[in-house]
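**Q** Provided herewith: protein-v3.pdb, PDB, C-alpha atoms and all ligand atoms.
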ATOM      1  CA  MET E 495     155.670 116.102-103.878  1.00  0.00           C
ATOM      2  CA  GLN E 496     159.226 116.190-102.624  1.00  0.00           C
ATOM      3  CA  THR E 497     161.987 113.593-102.657  1.00  0.00           C
ATOM      4  CA  LEU E 498     164.066 112.955 -99.551  1.00  0.00           C
ATOM      5  CA  ASN E 499     166.450 110.384 -98.127  1.00  0.00           C
ATOM      6  CA  LEU E 500     166.058 108.858 -94.695  1.00  0.00           C
ATOM      7  CA  ARG E 501     168.377 106.384 -93.020  1.00  0.00           C
ATOM      8  CA  VAL E 502     165.963 104.189 -91.079  1.00  0.00           C
ATOM      9  CA  ASN E 503     167.271 101.435 -88.822  1.00  0.00           C
ATOM     10  CA  GLY E 504     170.584 101.587 -90.677  1.00  0.00           C
ATOM     11  CA  GLU E 505     169.134 101.364 -94.181  1.00  0.00           C
ATOM     12  CA  MET E 506     168.893 104.259 -96.686  1.00  0.00           C
ATOM     13  CA  HIS E 507     165.482 104.937 -98.220  1.00  0.00           C
ATOM     14  CA  GLU E 508     164.545 107.428-100.912  1.00  0.00           C
ATOM     15  CA  LEU E 509     160.983 108.629-100.528  1.00  0.00           C
ATOM     16  CA  SER E 510     158.736 110.833-102.587  1.00  0.00           C
ATOM     17  CA  VAL E 511     156.144 112.407-100.304  1.00  0.00           C
ATOM     18  CA  ASP E 512     153.522 115.117-100.213  1.00  0.00           C
ATOM     19  CA  VAL E 513     155.167 117.929 -98.255  1.00  0.00           C
ATOM     20  CA  ARG E 514     152.389 117.690 -95.631  1.00  0.00           C
ATOM     21  CA  THR E 515     153.310 114.067 -94.741  1.00  0.00           C
ATOM     22  CA  THR E 516     154.328 113.634 -91.114  1.00  0.00           C
ATOM     23  CA  LEU E 517     157.374 111.577 -90.262  1.00  0.00           C
ATOM     24  CA  LEU E 518     154.999 109.112 -88.568  1.00  0.00           C
ATOM     25  CA  ASP E 519     152.980 108.609 -91.759  1.00  0.00           C
ATOM     26  CA  ALA E 520     156.159 108.334 -93.837  1.00  0.00           C
ATOM     27  CA  LEU E 521     157.362 105.506 -91.598  1.00  0.00           C
ATOM     28  CA  ARG E 522     154.043 103.688 -91.374  1.00  0.00           C
ATOM     29  CA  GLN E 523     152.543 104.252 -94.823  1.00  0.00           C
ATOM     30  CA  HIS E 524     155.543 104.684 -97.113  1.00  0.00           C
ATOM     31  CA  LEU E 525     158.050 102.348 -95.429  1.00  0.00           C
ATOM     32  CA  HIS E 526     155.461  99.998 -93.855  1.00  0.00           C
ATOM     33  CA  LEU E 527     157.181 100.115 -90.463  1.00  0.00           C
ATOM     34  CA  ASN E 528     154.024  99.668 -88.435  1.00  0.00           C
ATOM     35  CA  GLY E 529     155.758  99.152 -85.090  1.00  0.00           C
ATOM     36  CA  THR E 530     155.525 102.894 -84.472  1.00  0.00           C
ATOM     37  CA  LYS E 531     151.947 103.557 -83.425  1.00  0.00           C
ATOM     38  CA  LYS E 532     149.576 106.423 -84.140  1.00  0.00           C
ATOM     39  CA  GLY E 533     147.663 107.167 -80.956  1.00  0.00           C
ATOM     40  CA  CYS E 534     146.429 110.747 -80.786  1.00  0.00           C
ATOM     41  CA  ASP E 535     148.249 112.186 -83.858  1.00  0.00           C
ATOM     42  CA  HIS E 536     148.475 115.426 -81.813  1.00  0.00           C
ATOM     43  CA  GLY E 537     151.624 115.113 -79.699  1.00  0.00           C
ATOM     44  CA  GLN E 538     149.733 114.121 -76.581  1.00  0.00           C
ATOM     45  CA  CYS E 539     150.238 110.373 -76.075  1.00  0.00           C
ATOM     46  CA  GLY E 540     153.818 109.435 -77.057  1.00  0.00           C
ATOM     47  CA  ALA E 541     152.751 106.292 -78.954  1.00  0.00           C
ATOM     48  CA  CYS E 542     154.632 107.555 -82.030  1.00  0.00           C
ATOM     49  CA  THR E 543     157.973 108.138 -80.261  1.00  0.00           C
ATOM     50  CA  ILE E 544     161.042 107.289 -82.355  1.00  0.00           C
ATOM     51  CA  LEU E 545     164.722 108.176 -82.127  1.00  0.00           C
ATOM     52  CA  LEU E 546     165.814 110.972 -84.455  1.00  0.00           C
ATOM     53  CA  ASN E 547     169.599 111.271 -84.625  1.00  0.00           C
ATOM     54  CA  GLY E 548     169.596 109.448 -81.271  1.00  0.00           C
ATOM     55  CA  LYS E 549     167.091 111.759 -79.518  1.00  0.00           C
ATOM     56  CA  ARG E 550     163.476 110.870 -78.830  1.00  0.00           C
ATOM     57  CA  VAL E 551     160.757 112.784 -80.682  1.00  0.00           C
ATOM     58  CA  ASN E 552     157.050 112.451 -81.330  1.00  0.00           C
ATOM     59  CA  SER E 553     157.025 111.544 -85.008  1.00  0.00           C
ATOM     60  CA  CYS E 554     153.444 112.818 -85.455  1.00  0.00           C
ATOM     61  CA  LEU E 555     154.598 116.350 -84.714  1.00  0.00           C
ATOM     62  CA  THR E 556     157.228 116.723 -87.419  1.00  0.00           C
ATOM     63  CA  LEU E 557     157.138 116.651 -91.201  1.00  0.00           C
ATOM     64  CA  ALA E 558     159.116 114.055 -93.145  1.00  0.00           C
ATOM     65  CA  VAL E 559     160.573 116.691 -95.494  1.00  0.00           C
ATOM     66  CA  MET E 560     162.287 118.353 -92.518  1.00  0.00           C
ATOM     67  CA  HIS E 561     164.482 115.267 -92.080  1.00  0.00           C
ATOM     68  CA  ASP E 562     166.304 114.737 -95.363  1.00  0.00           C
ATOM     69  CA  GLY E 563     169.514 112.854 -94.509  1.00  0.00           C
ATOM     70  CA  ASP E 564     168.539 112.217 -90.890  1.00  0.00           C
ATOM     71  CA  GLU E 565     169.110 108.977 -88.978  1.00  0.00           C
ATOM     72  CA  ILE E 566     165.978 107.365 -87.594  1.00  0.00           C
ATOM     73  CA  THR E 567     165.575 104.393 -85.291  1.00  0.00           C
ATOM     74  CA  THR E 568     162.168 102.826 -84.772  1.00  0.00           C
ATOM     75  CA  ILE E 569     161.213  99.972 -82.476  1.00  0.00           C
ATOM     76  CA  GLU E 570     162.066  97.589 -85.348  1.00  0.00           C
ATOM     77  CA  GLY E 571     165.650  98.869 -85.192  1.00  0.00           C
ATOM     78  CA  LEU E 572     166.115  98.419 -81.447  1.00  0.00           C
ATOM     79  CA  GLY E 573     165.687  94.667 -81.464  1.00  0.00           C
ATOM     80  CA  SER E 574     164.001  91.784 -83.232  1.00  0.00           C
ATOM     81  CA  SER E 575     161.775  88.985 -81.962  1.00  0.00           C
ATOM     82  CA  ASP E 576     164.753  86.625 -81.654  1.00  0.00           C
ATOM     83  CA  SER E 577     167.143  89.305 -80.372  1.00  0.00           C
ATOM     84  CA  LEU E 578     165.372  91.666 -77.984  1.00  0.00           C
ATOM     85  CA  SER E 579     167.163  94.740 -76.669  1.00  0.00           C
ATOM     86  CA  ALA E 580     167.823  94.925 -72.928  1.00  0.00           C
ATOM     87  CA  MET E 581     164.890  97.336 -72.552  1.00  0.00           C
ATOM     88  CA  GLN E 582     162.548  95.051 -74.483  1.00  0.00           C
ATOM     89  CA  GLN E 583     163.601  92.089 -72.332  1.00  0.00           C
ATOM     90  CA  ALA E 584     163.003  94.122 -69.168  1.00  0.00           C
ATOM     91  CA  PHE E 585     159.495  95.130 -70.301  1.00  0.00           C
ATOM     92  CA  VAL E 586     158.697  91.438 -70.823  1.00  0.00           C
ATOM     93  CA  LYS E 587     160.248  90.400 -67.495  1.00  0.00           C
ATOM     94  CA  HIS E 588     158.417  93.100 -65.510  1.00  0.00           C
ATOM     95  CA  ASP E 589     155.101  92.749 -67.350  1.00  0.00           C
ATOM     96  CA  GLY E 590     155.399  96.342 -68.541  1.00  0.00           C
ATOM     97  CA  PHE E 591     152.544  96.220 -71.044  1.00  0.00           C
ATOM     98  CA  GLN E 592     149.019  94.952 -71.363  1.00  0.00           C
ATOM     99  CA  CYS E 593     147.479  95.745 -74.769  1.00  0.00           C
ATOM    100  CA  GLY E 594     150.941  96.744 -75.977  1.00  0.00           C
ATOM    101  CA  TYR E 595     149.764  99.653 -78.130  1.00  0.00           C
ATOM    102  CA  CYS E 596     151.886 102.229 -76.314  1.00  0.00           C
ATOM    103  CA  THR E 597     154.825  99.854 -75.858  1.00  0.00           C
ATOM    104  CA  PRO E 598     156.962 100.699 -78.934  1.00  0.00           C
ATOM    105  CA  GLY E 599     156.848 104.378 -78.005  1.00  0.00           C
ATOM    106  CA  GLN E 600     157.487 103.595 -74.336  1.00  0.00           C
ATOM    107  CA  ILE E 601     160.559 101.514 -75.212  1.00  0.00           C
ATOM    108  CA  CYS E 602     161.999 104.108 -77.628  1.00  0.00           C
ATOM    109  CA  SER E 603     161.397 106.825 -75.048  1.00  0.00           C
ATOM    110  CA  ALA E 604     162.879 104.773 -72.190  1.00  0.00           C
ATOM    111  CA  THR E 605     165.965 103.924 -74.246  1.00  0.00           C
ATOM    112  CA  ALA E 606     166.675 107.588 -75.034  1.00  0.00           C
ATOM    113  CA  MET E 607     165.756 108.740 -71.532  1.00  0.00           C
ATOM    114  CA  LEU E 608     168.506 106.680 -69.938  1.00  0.00           C
ATOM    115  CA  ASP E 609     171.036 108.368 -72.242  1.00  0.00           C
ATOM    116  CA  GLU E 610     169.650 111.781 -71.253  1.00  0.00           C
ATOM    117  CA  ILE E 611     170.256 110.944 -67.585  1.00  0.00           C
ATOM    118  CA  LYS E 612     173.728 109.596 -68.360  1.00  0.00           C
ATOM    119  CA  ASP E 613     174.499 112.832 -70.213  1.00  0.00           C
ATOM    120  CA  GLY E 614     173.413 114.838 -67.158  1.00  0.00           C
ATOM    121  CA  TRP E 615     170.258 116.438 -68.557  1.00  0.00           C
ATOM    122  CA  PRO E 616     168.134 117.665 -65.625  1.00  0.00           C
ATOM    123  CA  SER E 617     164.359 117.221 -65.495  1.00  0.00           C
ATOM    124  CA  TYR E 618     161.684 119.158 -63.584  1.00  0.00           C
ATOM    125  CA  VAL E 619     162.193 116.926 -60.513  1.00  0.00           C
ATOM    126  CA  SER E 620     166.010 116.834 -60.539  1.00  0.00           C
ATOM    127  CA  ALA E 621     167.509 118.251 -57.354  1.00  0.00           C
ATOM    128  CA  SER E 622     170.386 119.900 -59.198  1.00  0.00           C
ATOM    129  CA  LEU E 623     170.755 121.447 -62.640  1.00  0.00           C
ATOM    130  CA  THR E 624     174.412 120.474 -62.877  1.00  0.00           C
ATOM    131  CA  ASP E 625     174.874 117.097 -61.097  1.00  0.00           C
ATOM    132  CA  THR E 626     174.069 113.832 -62.902  1.00  0.00           C
ATOM    133  CA  PRO E 627     170.446 113.033 -61.972  1.00  0.00           C
ATOM    134  CA  GLU E 628     169.759 110.017 -59.749  1.00  0.00           C
ATOM    135  CA  LEU E 629     167.859 107.183 -61.435  1.00  0.00           C
ATOM    136  CA  CYS E 630     164.964 107.081 -58.943  1.00  0.00           C
ATOM    137  CA  SER E 631     161.328 106.248 -59.696  1.00  0.00           C
ATOM    138  CA  GLU E 632     160.304 109.911 -59.413  1.00  0.00           C
ATOM    139  CA  GLU E 633     162.880 110.845 -62.048  1.00  0.00           C
ATOM    140  CA  ILE E 634     161.819 107.972 -64.352  1.00  0.00           C
ATOM    141  CA  SER E 635     158.112 108.827 -63.994  1.00  0.00           C
ATOM    142  CA  GLU E 636     158.715 112.495 -64.776  1.00  0.00           C
ATOM    143  CA  ARG E 637     160.856 111.717 -67.812  1.00  0.00           C
ATOM    144  CA  MET E 638     158.316 109.177 -69.115  1.00  0.00           C
ATOM    145  CA  SER E 639     155.311 111.451 -68.505  1.00  0.00           C
ATOM    146  CA  GLY E 640     154.941 112.125 -72.246  1.00  0.00           C
ATOM    147  CA  ASN E 641     154.179 108.440 -72.879  1.00  0.00           C
ATOM    148  CA  LEU E 642     150.648 107.544 -71.859  1.00  0.00           C
ATOM    149  CA  CYS E 643     149.465 103.974 -71.253  1.00  0.00           C
ATOM    150  CA  ARG E 644     145.712 103.593 -71.207  1.00  0.00           C
ATOM    151  CA  CYS E 645     146.091 100.172 -69.546  1.00  0.00           C
ATOM    152  CA  SER E 646     148.069 101.807 -66.748  1.00  0.00           C
ATOM    153  CA  ALA E 647     151.063  99.483 -66.710  1.00  0.00           C
ATOM    154  CA  TYR E 648     153.079 102.364 -65.235  1.00  0.00           C
ATOM    155  CA  PRO E 649     154.569 100.729 -62.094  1.00  0.00           C
ATOM    156  CA  ASN E 650     155.894  97.820 -64.156  1.00  0.00           C
ATOM    157  CA  ILE E 651     157.273 100.155 -66.829  1.00  0.00           C
ATOM    158  CA  VAL E 652     159.137 102.123 -64.143  1.00  0.00           C
ATOM    159  CA  ASN E 653     160.535  98.868 -62.693  1.00  0.00           C
ATOM    160  CA  ALA E 654     161.729  97.741 -66.133  1.00  0.00           C
ATOM    161  CA  ILE E 655     163.485 101.038 -66.826  1.00  0.00           C
ATOM    162  CA  ALA E 656     165.036 101.118 -63.344  1.00  0.00           C
ATOM    163  CA  GLU E 657     166.510  97.661 -63.869  1.00  0.00           C
ATOM    164  CA  VAL E 658     168.057  98.499 -67.245  1.00  0.00           C
ATOM    165  CA  GLY E 659     169.338 101.811 -65.910  1.00  0.00           C
ATOM    166  CA  ALA E 660     170.933 100.127 -62.899  1.00  0.00           C
ATOM    167  CA  ASP E 661     172.601  97.513 -65.131  1.00  0.00           C
ATOM    168  CA  LYS E 662     174.013 100.247 -67.390  1.00  0.00           C
ATOM    169  CA  SER E 663     175.498 102.357 -64.594  1.00  0.00           C
TER     170      SER E 663
HETATM  171  S1  LIG E 701     150.502 109.837 -81.914  1.00  0.00           S
HETATM  172 FE1  LIG E 701     152.156 111.197 -81.646  1.00  0.00          FE
HETATM  173  S2  LIG E 701     151.990 111.849 -79.587  1.00  0.00           S
HETATM  174 FE2  LIG E 701     150.221 110.657 -79.919  1.00  0.00          FE
HETATM  175  S1  LIG E 702     149.956  98.616 -72.671  1.00  0.00           S
HETATM  176 FE1  LIG E 702     148.063  99.277 -73.445  1.00  0.00          FE
HETATM  177  S2  LIG E 702     148.218 101.380 -73.720  1.00  0.00           S
HETATM  178 FE2  LIG E 702     150.009 100.769 -72.699  1.00  0.00          FE
END
Take the structure from the file and write it as structure tokens.
Ligand code: FES
Ligand code: FES
**A**
Amino acid sequence: MQTLNLRVNGEMHELSVDVRTTLLDALRQHLHLNGTKKGCDHGQCGACTILLNGKRVNSCLTLAVMHDGDEITTIEGLGSSDSLSAMQQAFVKHDGFQCGYCTPGQICSATAMLDEIKDGWPSYVSASLTDTPELCSEEISERMSGNLCRCSAYPNIVNAIAEVGADKS
């Protein structure tokens, strides 16, 4: 067992975990933050995406003990049922989910992805490695390709992200 501190959604937590505990299991089982979903548990579906020090990661692929002192934001920290974030509102408006299982990961990923574009990070489909990428549907689809939706709400998800991205720019 090892003790560590995590700041999750702005609140400090001291945890005592088996060193083999993933960050995903620490969030869900130790802190009871069940908004973050376990899909594949193998880094293939993106359902477990959270923000780690502001960057998106698959929380099933990293161990909790590697993150002592780190800042974590889960879907519960992005908005609440009476105060949805802009991205959450856009997913509702554009019907960007069906069963909703992938949605927390999609929204965390989409939120971080817009910052990556704003910061000028290129993707595989970006025309230039140095210019700020254009927020087109091809760019959004590529950047969201790590988040699978078995219900295939993809076109609506892309529309939701495009709207938030356009409002931010
Ligand atoms: S549960 Fe982590 S990528 Fe699927
Ligand atoms: S809304 Fe069902 S898996 Fe995406």
**Q** With the PyMOL selection byres (((not hetatm)) within 6 of (chain E and resi 702)) as the selection, what would be picked from this file? Answer as a PyMOL selection string, please.
**A** chain E and resi 591-597+643-645
**Q** Written as a ChimeraX atom specification, what is the full residue list that the PyMOL selection byres (((not hetatm)) within 8 of (chain E and resi 701)) yields on the file shown?
**A** /E:518,531-543,552-555,640-641
**Q** Identify which of the residues E:Asp589, E:Asp512, E:Asp613, E:Glu570 lies closest to Ala558 of chain E, counting only C-alpha atoms when measuring atom-to-atom distances.
**A**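 Answer, going by the shortest atom-to-atom distance: E:Asp512.
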**Q** Excluding Thr556 of chain E and residues on its chain fewer than 3 positions from it, collect all residues at most 9 Å away from it, counting all atoms listed in the file, and give them as an MDAnalysis selection string.
**A** chainID E and resid 515:518 551:553 559:561
**Q** Distance atom CA of Asn503 of chain E-atom CA of Leu545 of chain E, one decimal place?
**A**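 About the pair atom CA of Asn503 of chain E and atom CA of Leu545 of chain E: they are 9.8 Å apart.
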**Q** Which residues fall under the PyMOL selection byres (((chain E and resi 661) around 12) and not hetatm) in this file, as a count of residues only?
**A** 14
**Q** Provide the atom CA of Ser617 of chain E to atom CA of Arg637 of chain E distance in Å, to one decimal place.
**A**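 We find that atom CA of Ser617 of chain E and atom CA of Arg637 of chain E lie 6.9 Å from each other.
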**Q** Nearest residue to Ser639 of chain E out of E:Met607, E:Asn547, E:Leu521, E:Val586, using all atoms listed in the file?
**A**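 The answer is E:Met607, which sits nearest to Ser639 of chain E.
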**Q** I'd like to know which of E:Asn499, E:Glu633, E:Ile651, E:Gly571 is closest to Gln583 of chain E, using all atoms listed in the file.
**A**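 With all atoms listed in the file as the atom set, the closest residue is E:Ile651.
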**Q** In Å, how far is it from atom CA of Gly573 of chain E to atom CA of Glu636 of chain E?
**A**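 According to the coordinates, atom CA of Gly573 of chain E and atom CA of Glu636 of chain E are separated by 25.4 Å.
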**Q** Which is closer to Ala606 of chain E than all the others in E:Gly548, E:Gly529, E:Gly504, E:Gly590, using only C-alpha atoms?
**A** E:Gly548
**Q** Which one of E:Val513, E:Thr624, E:Ser575, E:Lys549 sits closest to Glu610 of chain E if you count all atoms listed in the file?
**A**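 Looking only at the distances to Glu610 of chain E, the closest residue turns out to be E:Lys549.
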**Q** Would you mind telling me which residue in E:Met638, E:Ile544, E:Leu623, E:Ile611 lies nearest to Gly599 of chain E when using only C-alpha atoms?
**A**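 Of all the options, E:Ile544 lies closest to Gly599 of chain E.
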**Q** With 5 Å added on each side, what axis-aligned box encloses every listed atom of segment 652-658 of chain E? Give the centre and edge lengths in Å to one decimal, as lines of an AutoDock Vina configuration file.
**A**
center_x = 163.6
center_y = 99.9
center_z = -65.0
size_x = 18.9
size_y = 14.5
size_z = 14.6
